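The file input.pdb contains PDB, C-alpha atoms and all ligand atoms:
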```pdb
ATOM      1  CA  MET A   1      -5.087   3.839  17.163
ATOM      2  CA  THR A   2      -6.664   6.089  14.562
ATOM      3  CA  GLY A   3      -6.982   9.855  14.502
ATOM      4  CA  SER A   4      -8.067  12.705  12.224
ATOM      5  CA  VAL A   5      -8.681  12.122   8.530
ATOM      6  CA  ILE A   6      -5.425  11.948   6.543
ATOM      7  CA  LEU A   7      -6.706  10.844   3.131
ATOM      8  CA  GLN A   8      -9.982  11.698   1.440
ATOM      9  CA  ALA A   9     -11.398  10.545  -1.873
ATOM     10  CA  LYS A  10     -14.385  12.586  -3.008
ATOM     11  CA  GLY A  11     -16.616  11.449  -5.842
ATOM     12  CA  LEU A  12     -13.899   9.740  -7.889
ATOM     13  CA  ASN A  13     -14.942   8.502 -11.312
ATOM     14  CA  LYS A  14     -12.787   6.831 -13.950
ATOM     15  CA  ASN A  15     -13.870   5.141 -17.181
ATOM     16  CA  PHE A  16     -11.755   3.323 -19.758
ATOM     17  CA  GLY A  17     -14.017   3.485 -22.814
ATOM     18  CA  ALA A  18     -17.116   1.547 -21.770
ATOM     19  CA  VAL A  19     -15.396   0.055 -18.694
ATOM     20  CA  VAL A  20     -16.292   1.724 -15.411
ATOM     21  CA  ALA A  21     -13.146   1.403 -13.286
ATOM     22  CA  ALA A  22     -14.240   3.846 -10.541
ATOM     23  CA  ALA A  23     -17.813   4.943  -9.883
ATOM     24  CA  ASP A  24     -18.380   7.651  -7.306
ATOM     25  CA  ILE A  25     -15.714   6.521  -4.839
ATOM     26  CA  ASN A  26     -15.960   8.346  -1.509
ATOM     27  CA  VAL A  27     -13.613   7.393   1.325
ATOM     28  CA  ASP A  28     -12.275   9.115   4.436
ATOM     29  CA  VAL A  29      -9.238   7.381   5.942
ATOM     30  CA  PRO A  30      -8.223   8.306   9.508
ATOM     31  CA  THR A  31      -4.543   8.593  10.446
ATOM     32  CA  GLY A  32      -3.080   5.295  11.556
ATOM     33  CA  GLN A  33      -5.768   3.087  10.062
ATOM     34  CA  ARG A  34      -4.882  -0.297   8.496
ATOM     35  CA  LEU A  35      -7.269  -0.344   5.544
ATOM     36  CA  SER A  36      -7.568  -3.299   3.196
ATOM     37  CA  LEU A  37      -8.912  -3.054  -0.364
ATOM     38  CA  ILE A  38     -10.502  -6.257  -1.619
ATOM     39  CA  GLY A  39     -12.331  -7.228  -4.817
ATOM     40  CA  ALA A  40     -12.202  -9.726  -7.657
ATOM     41  CA  ASN A  41      -9.887  -9.163 -10.634
ATOM     42  CA  GLY A  42     -10.916  -6.025 -12.483
ATOM     43  CA  ALA A  43     -13.030  -4.654  -9.599
ATOM     44  CA  GLY A  44     -11.183  -1.322  -9.456
ATOM     45  CA  LYS A  45      -8.690  -1.649  -6.577
ATOM     46  CA  THR A  46      -5.596  -0.757  -8.608
ATOM     47  CA  THR A  47      -7.446   2.074 -10.327
ATOM     48  CA  PHE A  48      -8.134   3.546  -6.885
ATOM     49  CA  VAL A  49      -4.495   3.105  -5.788
ATOM     50  CA  ASN A  50      -3.238   4.570  -9.077
ATOM     51  CA  MET A  51      -5.459   7.630  -8.674
ATOM     52  CA  VAL A  52      -4.291   8.207  -5.088
ATOM     53  CA  THR A  53      -0.627   7.894  -6.109
ATOM     54  CA  GLY A  54      -0.940  10.052  -9.236
ATOM     55  CA  TYR A  55      -0.359   7.297 -11.808
ATOM     56  CA  LEU A  56      -3.884   7.870 -13.149
ATOM     57  CA  ALA A  57      -5.950  11.058 -13.206
ATOM     58  CA  PRO A  58      -9.607  10.596 -12.264
ATOM     59  CA  ASP A  59     -12.155  11.787 -14.847
ATOM     60  CA  THR A  60     -13.907  13.658 -12.038
ATOM     61  CA  GLY A  61     -13.527  13.924  -8.282
ATOM     62  CA  ASP A  62     -10.889  15.003  -5.804
ATOM     63  CA  ILE A  63      -8.240  13.461  -3.573
ATOM     64  CA  LEU A  64      -7.017  15.277  -0.464
ATOM     65  CA  LEU A  65      -4.025  14.483   1.714
ATOM     66  CA  ALA A  66      -4.198  16.198   5.106
ATOM     67  CA  ASP A  67      -6.786  18.576   3.568
ATOM     68  CA  GLN A  68      -4.464  19.480   0.646
ATOM     69  CA  PRO A  69      -5.705  18.630  -2.854
ATOM     70  CA  ILE A  70      -3.304  16.219  -4.571
ATOM     71  CA  THR A  71      -5.553  15.320  -7.522
ATOM     72  CA  ARG A  72      -3.633  15.354 -10.819
ATOM     73  CA  MET A  73      -0.257  15.977  -9.190
ATOM     74  CA  THR A  74       2.583  13.873 -10.621
ATOM     75  CA  PRO A  75       3.482  10.604  -8.815
ATOM     76  CA  ARG A  76       6.808  12.172  -7.823
ATOM     77  CA  ARG A  77       5.136  15.187  -6.243
ATOM     78  CA  ILE A  78       2.598  13.003  -4.440
ATOM     79  CA  THR A  79       5.459  10.896  -3.055
ATOM     80  CA  GLN A  80       7.111  14.094  -1.805
ATOM     81  CA  MET A  81       3.795  15.078  -0.186
ATOM     82  CA  GLY A  82       3.836  11.821   1.799
ATOM     83  CA  VAL A  83       2.099   9.035  -0.155
ATOM     84  CA  CYS A  84       4.436   6.126  -0.920
ATOM     85  CA  ARG A  85       3.718   2.729  -2.441
ATOM     86  CA  SER A  86       5.187  -0.684  -2.883
ATOM     87  CA  PHE A  87       4.403  -2.722  -5.972
ATOM     88  CA  GLN A  88       3.106  -6.255  -6.573
ATOM     89  CA  ILE A  89       6.397  -6.905  -8.379
ATOM     90  CA  PRO A  90       9.135  -5.395  -6.185
ATOM     91  CA  GLN A  91      10.946  -2.457  -7.828
ATOM     92  CA  LEU A  92      14.506  -3.101  -6.686
ATOM     93  CA  CYS A  93      17.992  -2.892  -8.126
ATOM     94  CA  GLU A  94      18.708  -6.615  -8.540
ATOM     95  CA  ALA A  95      22.474  -6.347  -8.786
ATOM     96  CA  MET A  96      22.766  -4.456  -5.494
ATOM     97  CA  THR A  97      22.330  -5.747  -1.946
ATOM     98  CA  PRO A  98      19.454  -4.709   0.350
ATOM     99  CA  ARG A  99      21.857  -2.448   2.246
ATOM    100  CA  GLU A 100      22.907  -0.723  -0.991
ATOM    101  CA  ASN A 101      19.305  -0.393  -2.189
ATOM    102  CA  LEU A 102      18.398   1.214   1.125
ATOM    103  CA  LEU A 103      21.407   3.527   1.046
ATOM    104  CA  VAL A 104      20.256   4.818  -2.341
ATOM    105  CA  ALA A 105      16.699   5.299  -1.030
ATOM    106  CA  VAL A 106      17.903   7.063   2.132
ATOM    107  CA  GLY A 107      20.209   9.300   0.088
ATOM    108  CA  ALA A 108      17.426  10.162  -2.357
ATOM    109  CA  SER A 109      14.898  10.925   0.379
ATOM    110  CA  GLY A 110      16.999  13.539   2.156
ATOM    111  CA  PRO A 111      17.074  14.077   5.922
ATOM    112  CA  ARG A 112      13.616  15.629   6.167
ATOM    113  CA  PHE A 113      11.863  12.467   5.099
ATOM    114  CA  SER A 114      13.628   9.777   7.067
ATOM    115  CA  PHE A 115      11.273   7.188   8.500
ATOM    116  CA  PHE A 116      12.580   6.970  12.019
ATOM    117  CA  ARG A 117      11.913   9.737  14.448
ATOM    118  CA  HIS A 118      15.447  10.180  15.657
ATOM    119  CA  ALA A 119      17.025   9.589  12.286
ATOM    120  CA  GLY A 120      17.972  13.234  11.839
ATOM    121  CA  ALA A 121      21.106  12.647  13.882
ATOM    122  CA  GLN A 122      22.048   9.488  11.977
ATOM    123  CA  GLY A 123      24.125   9.074   8.871
ATOM    124  CA  ALA A 124      22.775   7.191   5.868
ATOM    125  CA  SER A 125      24.568   3.951   6.772
ATOM    126  CA  GLU A 126      23.160   3.994  10.332
ATOM    127  CA  GLN A 127      19.675   4.621   8.971
ATOM    128  CA  ALA A 128      20.013   1.768   6.489
ATOM    129  CA  ALA A 129      21.261  -0.518   9.281
ATOM    130  CA  GLU A 130      18.358   0.441  11.536
ATOM    131  CA  ILE A 131      15.837  -0.230   8.789
ATOM    132  CA  LEU A 132      17.444  -3.616   8.064
ATOM    133  CA  GLN A 133      17.151  -4.469  11.740
ATOM    134  CA  ARG A 134      13.571  -3.287  12.062
ATOM    135  CA  PHE A 135      12.615  -5.380   9.036
ATOM    136  CA  GLU A 136      14.589  -8.395  10.311
ATOM    137  CA  MET A 137      16.731  -8.490   7.165
ATOM    138  CA  ILE A 138      20.220  -8.365   8.691
ATOM    139  CA  ALA A 139      20.999 -11.919   7.551
ATOM    140  CA  TYR A 140      20.244 -10.928   3.947
ATOM    141  CA  ALA A 141      21.697  -7.410   4.062
ATOM    142  CA  ASP A 142      24.798  -8.001   1.973
ATOM    143  CA  ARG A 143      23.643 -10.524  -0.621
ATOM    144  CA  PRO A 144      22.581  -9.411  -4.104
ATOM    145  CA  VAL A 145      18.825  -8.908  -4.340
ATOM    146  CA  SER A 146      18.729 -11.303  -7.310
ATOM    147  CA  GLU A 147      19.633 -14.166  -4.929
ATOM    148  CA  LEU A 148      17.022 -13.405  -2.263
ATOM    149  CA  PRO A 149      13.790 -15.342  -1.577
ATOM    150  CA  GLY A 150      10.524 -13.736  -2.741
ATOM    151  CA  GLY A 151       9.361 -12.842   0.777
ATOM    152  CA  ILE A 152      12.570 -10.961   1.579
ATOM    153  CA  ARG A 153      12.392  -9.022  -1.703
ATOM    154  CA  LYS A 154       8.830  -7.988  -0.836
ATOM    155  CA  LEU A 155       9.925  -6.916   2.615
ATOM    156  CA  LEU A 156      12.776  -4.858   1.188
ATOM    157  CA  ASP A 157      10.443  -3.175  -1.306
ATOM    158  CA  ILE A 158       8.128  -2.183   1.565
ATOM    159  CA  ALA A 159      11.080  -1.003   3.690
ATOM    160  CA  MET A 160      12.206   1.149   0.727
ATOM    161  CA  ALA A 161       8.746   2.741   0.524
ATOM    162  CA  LEU A 162       8.957   3.585   4.236
ATOM    163  CA  VAL A 163      12.318   5.331   4.061
ATOM    164  CA  ARG A 164      10.611   8.631   3.290
ATOM    165  CA  ARG A 165       8.479   8.333   6.398
ATOM    166  CA  PRO A 166       5.248   8.601   4.438
ATOM    167  CA  LYS A 167       1.946   9.723   5.867
ATOM    168  CA  VAL A 168       0.213   7.083   3.747
ATOM    169  CA  LEU A 169       1.732   3.790   2.635
ATOM    170  CA  LEU A 170       0.022   1.786  -0.124
ATOM    171  CA  LEU A 171       0.929  -1.869  -0.457
ATOM    172  CA  ASP A 172      -0.105  -3.684  -3.634
ATOM    173  CA  GLU A 173      -0.745  -7.323  -2.700
ATOM    174  CA  PRO A 174       2.045  -7.572  -0.125
ATOM    175  CA  THR A 175       1.644 -11.360   0.227
ATOM    176  CA  SER A 176       1.168 -12.323  -3.428
ATOM    177  CA  GLY A 177       3.820 -14.794  -4.529
ATOM    178  CA  VAL A 178       4.771 -15.449  -0.896
ATOM    179  CA  SER A 179       4.303 -18.980   0.464
ATOM    180  CA  SER A 180       1.496 -19.623   2.960
ATOM    181  CA  GLU A 181       4.169 -20.469   5.584
ATOM    182  CA  GLU A 182       5.854 -17.086   5.062
ATOM    183  CA  LYS A 183       2.871 -14.759   4.604
ATOM    184  CA  PHE A 184       1.971 -14.168   8.277
ATOM    185  CA  GLY A 185       5.640 -13.695   9.196
ATOM    186  CA  LEU A 186       6.002 -11.083   6.446
ATOM    187  CA  MET A 187       2.907  -9.163   7.562
ATOM    188  CA  ASP A 188       3.899  -9.427  11.252
ATOM    189  CA  THR A 189       7.268  -7.902  10.394
ATOM    190  CA  VAL A 190       5.733  -5.082   8.352
ATOM    191  CA  MET A 191       3.116  -4.250  10.975
ATOM    192  CA  ALA A 192       5.695  -4.362  13.799
ATOM    193  CA  ALA A 193       7.985  -2.049  11.780
ATOM    194  CA  VAL A 194       5.250   0.590  11.432
ATOM    195  CA  GLU A 195       3.830   0.148  14.945
ATOM    196  CA  GLY A 196       3.881   3.438  16.815
ATOM    197  CA  GLU A 197       4.765   5.421  13.666
ATOM    198  CA  PRO A 198       2.192   7.928  12.387
ATOM    199  CA  VAL A 199       1.698   6.089   9.110
ATOM    200  CA  THR A 200      -1.606   5.013   7.591
ATOM    201  CA  VAL A 201      -1.451   1.733   5.681
ATOM    202  CA  LEU A 202      -3.689   0.799   2.748
ATOM    203  CA  PHE A 203      -3.166  -2.665   1.322
ATOM    204  CA  VAL A 204      -4.689  -4.437  -1.659
ATOM    205  CA  GLU A 205      -5.148  -8.073  -0.717
ATOM    206  CA  HIS A 206      -6.728 -11.208  -2.144
ATOM    207  CA  ASP A 207      -5.991 -13.387   0.900
ATOM    208  CA  MET A 208      -8.874 -13.102   3.367
ATOM    209  CA  ASP A 209      -6.826 -14.629   6.228
ATOM    210  CA  ILE A 210      -4.460 -11.676   5.899
ATOM    211  CA  VAL A 211      -7.340  -9.200   5.632
ATOM    212  CA  THR A 212      -9.022 -10.574   8.755
ATOM    213  CA  ARG A 213      -5.852 -10.576  10.806
ATOM    214  CA  TYR A 214      -4.289  -7.230   9.832
ATOM    215  CA  ALA A 215      -7.010  -4.804   8.670
ATOM    216  CA  ASP A 216      -8.977  -2.465  10.955
ATOM    217  CA  ARG A 217     -11.323  -1.744   8.087
ATOM    218  CA  VAL A 218     -12.081  -3.207   4.657
ATOM    219  CA  LEU A 219     -13.312  -1.618   1.428
ATOM    220  CA  ALA A 220     -14.844  -4.157  -0.962
ATOM    221  CA  PHE A 221     -14.830  -3.158  -4.645
ATOM    222  CA  TYR A 222     -17.061  -4.507  -7.389
ATOM    223  CA  ALA A 223     -17.400  -3.071 -10.908
ATOM    224  CA  GLY A 224     -15.651   0.146  -9.863
ATOM    225  CA  LYS A 225     -17.935   0.696  -6.859
ATOM    226  CA  ILE A 226     -17.416   0.263  -3.144
ATOM    227  CA  ILE A 227     -20.045  -2.296  -2.152
ATOM    228  CA  ALA A 228     -19.046  -2.639   1.517
ATOM    229  CA  ASP A 229     -17.021  -0.505   3.934
ATOM    230  CA  ASP A 230     -16.729  -1.795   7.491
ATOM    231  CA  ALA A 231     -14.718  -3.929   9.910
ATOM    232  CA  PRO A 232     -13.392  -7.190   8.381
ATOM    233  CA  ASP A 233     -15.949  -9.536   9.990
ATOM    234  CA  GLU A 234     -18.867  -7.368   8.873
ATOM    235  CA  VAL A 235     -17.572  -7.006   5.308
ATOM    236  CA  LEU A 236     -16.766 -10.694   4.917
ATOM    237  CA  SER A 237     -20.227 -11.713   6.134
ATOM    238  CA  ASP A 238     -21.948  -9.292   3.717
ATOM    239  CA  ILE A 239     -23.969 -11.241   1.164
ATOM    240  CA  GLU A 240     -22.895  -9.080  -1.804
ATOM    241  CA  VAL A 241     -19.240  -9.435  -0.804
ATOM    242  CA  GLN A 242     -19.672 -13.196  -0.547
ATOM    243  CA  ARG A 243     -21.305 -13.241  -3.977
ATOM    244  CA  TYR A 244     -19.014 -10.835  -5.873
ATOM    245  CA  VAL A 245     -15.706 -10.877  -4.015
ATOM    246  CA  THR A 246     -14.995 -13.977  -1.992
ATOM    247  CA  GLY A 247     -17.269 -16.393  -3.874
ATOM    248  CA  THR A 248     -18.396 -17.915  -0.584
ATOM    249  CA  ALA A 249     -22.148 -17.193  -0.959
ATOM    250  CA  ARG A 250     -24.298 -20.322  -0.737
TER     251      ARG A 250
HETATM  252  N1  LIG B   1      -5.078   1.404 -18.515
HETATM  253  C1  LIG B   1      -6.247   0.761 -18.703
HETATM  254  N2  LIG B   1      -6.832   0.747 -19.921
HETATM  255  C2  LIG B   1      -8.023   0.128 -20.111
HETATM  256  N3  LIG B   1      -8.708  -0.509 -19.125
HETATM  257  C3  LIG B   1      -8.169  -0.511 -17.916
HETATM  258  C4  LIG B   1      -6.914   0.115 -17.620
HETATM  259  N4  LIG B   1      -6.627  -0.061 -16.304
HETATM  260  C5  LIG B   1      -7.659  -0.764 -15.802
HETATM  261  N5  LIG B   1      -8.577  -1.029 -16.739
HETATM  262  C6  LIG B   1      -9.845  -1.744 -16.558
HETATM  263  O1  LIG B   1     -10.503  -1.146 -15.443
HETATM  264  C7  LIG B   1     -11.121  -2.142 -14.642
HETATM  265  C8  LIG B   1     -10.582  -2.067 -13.222
HETATM  266  O2  LIG B   1      -9.233  -2.523 -13.254
HETATM  267  P1  LIG B   1      -8.295  -2.544 -11.964
HETATM  268  O3  LIG B   1      -6.919  -2.882 -12.447
HETATM  269  O4  LIG B   1      -8.470  -1.305 -11.190
HETATM  270  O5  LIG B   1      -8.896  -3.786 -11.151
HETATM  271  P2  LIG B   1      -8.299  -4.545  -9.886
HETATM  272  O6  LIG B   1      -9.407  -4.661  -8.907
HETATM  273  O7  LIG B   1      -7.063  -3.882  -9.419
HETATM  274  O8  LIG B   1      -7.948  -5.976 -10.491
HETATM  275  P3  LIG B   1      -6.711  -6.981 -10.173
HETATM  276  O9  LIG B   1      -7.036  -7.654  -8.870
HETATM  277  O10 LIG B   1      -6.766  -7.921 -11.326
HETATM  278  O11 LIG B   1      -5.457  -6.163 -10.137
HETATM  279  C9  LIG B   1     -10.860  -3.491 -15.326
HETATM  280  O12 LIG B   1     -11.968  -3.808 -16.143
HETATM  281  C10 LIG B   1      -9.635  -3.210 -16.152
HETATM  282  O13 LIG B   1      -9.589  -4.042 -17.294
END
```
Structure re-expressed in structure tokens:
Amino acid sequence: MTGSVILQAKGLNKNFGAVVAAADINVDVPTGQRLSLIGANGAGKTTFVNMVTGYLAPDTGDILLADQPITRMTPRRITQMGVCRSFQIPQLCEAMTPRENLLVAVGASGPRFSFFRHAGAQGASEQAAEILQRFEMIAYADRPVSELPGGIRKLLDIAMALVRRPKVLLLDEPTSGVSSEEKFGLMDTVMAAVEGEPVTVLFVEHDMDIVTRYADRVLAFYAGKIIADDAPDEVLSDIEVQRYVTGTAR
């Protein structure tokens, strides 16, 4: 279910020398939407994510979160405002266990930001345990992260991003480096964990099976521009998308 607009990008432009990384990007994202960002290497997906999360300042344009301008705020401030991200390479403390990583994240987020609605009454260890359960990681909870399979590390990284109960969650290639047998299980777990929560999910993805199954809407990027913006079937049957993104044009 989607609702009022939570995230808006208005006329975003970003150049790196002669390279156009974002060219007049305009997007309204309704609350609760599952929005996938697709595009070939260098198309501008990460530039868009980095601008939304404060890691890059646009040359021109504005970004609004729940009608509040967040353009040019620091990444830390934007996280506090409710935009959290996971990374293509999970950012975890390798020597600690998932439970310990989560305890640190829960402690750092403070009670106001806990992900689960009734978490206010819970202590940090109960919250960590509930998150481990929701993300089906109990069996791995007390092993060092350095010993865990790639899919579980990804899952933990995403769970960590959700601890703050963000309004917007950005996932950078959640299934990259995950085996084809594991990828649907990982996405099923993530989507089940956020089901019913008021979180909007944007995910960068190269795997069109994942896009088709989990996105409500797809933005296709090419040369810094959005060349298609629609439901997955419509975007993937677009001739420009087939030519410049998926390489399936005849
Ligand atoms: N910090 C930077 N300095 C110079 N050029 C950059 C920088 N970041 C991105 N670019 C360039 O901007 C363009 C868009 O890059 P971006 O990383 O946004 O693409 P992408 O769609 O995320 O690609 P990928 O799928 O490979 O991650 C590319 O031509 C890239 O080389």
Test item: residues at most 7 Å from Ala95 (chain A), only C-alpha atoms, excluding those fewer than 2 positions along its chain, as a ChimeraX atom specification: /A:93,97,144-146
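When CA of Glu130 (chain A) is paired with CA of Gly177 (chain A), their separation reads 26.5 Å.
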What are the nearest atom pairs, with distances in Å to one decimal, for all residues of chain A that come at most 7 Å from ligand LIG 1 (chain B), using only C-alpha atoms and all ligand atoms, set out by chain and rising residue number as a tab-separated table?
```
residue	atom	partner	partner_atom	distance
A:Phe16	CA	B:LIG1	C2	4.9
A:Val19	CA	B:LIG1	O12	5.8
A:Val20	CA	B:LIG1	O1	6.5
A:Ala21	CA	B:LIG1	O1	4.3
A:Gly39	CA	B:LIG1	O6	5.6
A:Ala40	CA	B:LIG1	O9	5.7
A:Asn41	CA	B:LIG1	O10	3.4
A:Gly42	CA	B:LIG1	O5	3.3
A:Ala43	CA	B:LIG1	O6	3.7
A:Gly44	CA	B:LIG1	O4	3.2
A:Lys45	CA	B:LIG1	O6	3.9
A:Thr46	CA	B:LIG1	O7	3.5
A:Thr47	CA	B:LIG1	O4	3.6
A:Phe48	CA	B:LIG1	O4	6.5
A:Gly224	CA	B:LIG1	C8	6.5
```
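One finds CA of Lys183 (chain A) at 10.8 Å from CA of Ile152 (chain A).
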Proximity to Ile138 (chain A) - best of A:Asp233, A:Pro98, A:Ala124, A:Val168, all atoms listed in the file: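 Counting all atoms listed in the file, the residue closest to Ile138 (chain A) is A:Pro98.
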Picked residues, the PyMOL selection byres (((chain A and resi 104) around 12) and not hetatm), expected as a ChimeraX atom specification: /A:92-93,96-103,105-110,124-125,127-128,160,163-164
Of the listed residues A:Ile78, A:Ala18, A:Val52, A:Ala192, that which approaches Ala223 (chain A) most closely, counting only C-alpha atoms: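 Comparing A:Ile78, A:Ala18, A:Val52, A:Ala192 against Ala223 (chain A), the winner is A:Ala18.
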Nearest to Phe87 (chain A) by atom-to-atom distance, counting all atoms listed in the file, from A:Val49, A:Ile6, A:His206, A:Ile226: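 Selected residue with least distance to Phe87 (chain A): A:Val49.
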One-decimal distance in Å that lies between CA of Leu156 (chain A) and CA of Ala129 (chain A):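 Taking CA of Ala129 (chain A) and CA of Leu156 (chain A), their separation equals 12.5 Å.
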Ground truth for the PyMOL selection byres (((chain A and resi 166) around 9) and not hetatm), written as an NGL selection string: :A and (79-84 or 113-115 or 161-165 or 167-169 or 198-200)
From A:Arg34, A:Lys225, A:Arg213, A:Arg134, residue lying nearest Ala193 (chain A) [all atoms listed in the file]: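 So, comparing all the options, the nearest one is A:Arg134.
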Shell of 8 Å around region 54-60 of chain A, all atoms listed in the file, local chain residues under 2 positions omitted, as a VMD selection string: chain A and resid 11 to 15 47 50 to 52 62 71 to 75 78
Close residues, region 236-244 of chain A itself excluded, 10 Å, all atoms listed in the file, min 2 positions apart in chain, as an MDAnalysis selection string: chainID A and resid 38:40 43 208 211:212 218 220:223 227:228 230:234 246:250
Minimum-distance residue to Asp28 (chain A), chosen among A:Ala9, A:Ile70, A:Ile210, A:Ile158 (using only C-alpha atoms): A:Ala9
Padding of 8 Å on every side, edges along x, y and z, all listed atoms of region 224-229 of chain A included: what centre and edge lengths in Å, to one decimal, does that box have, as JSON?
```
{"center_x": -17.8, "center_y": -1.0, "center_z": -3.0, "size_x": 20.4, "size_y": 19.3, "size_z": 29.8}
```
Output of the PyMOL selection byres (((chain A and resi 30-33) around 10) and not hetatm), listed as an MDAnalysis selection string: chainID A and resid 1:8 27:29 34:36 66 167:168 194:202 215:217
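The shortest atom-to-atom distance to Asp188 (chain A), with all atoms listed in the file taken into account, belongs to A:Leu155 out of A:Ile25, A:Leu219, A:Leu170, A:Leu155.
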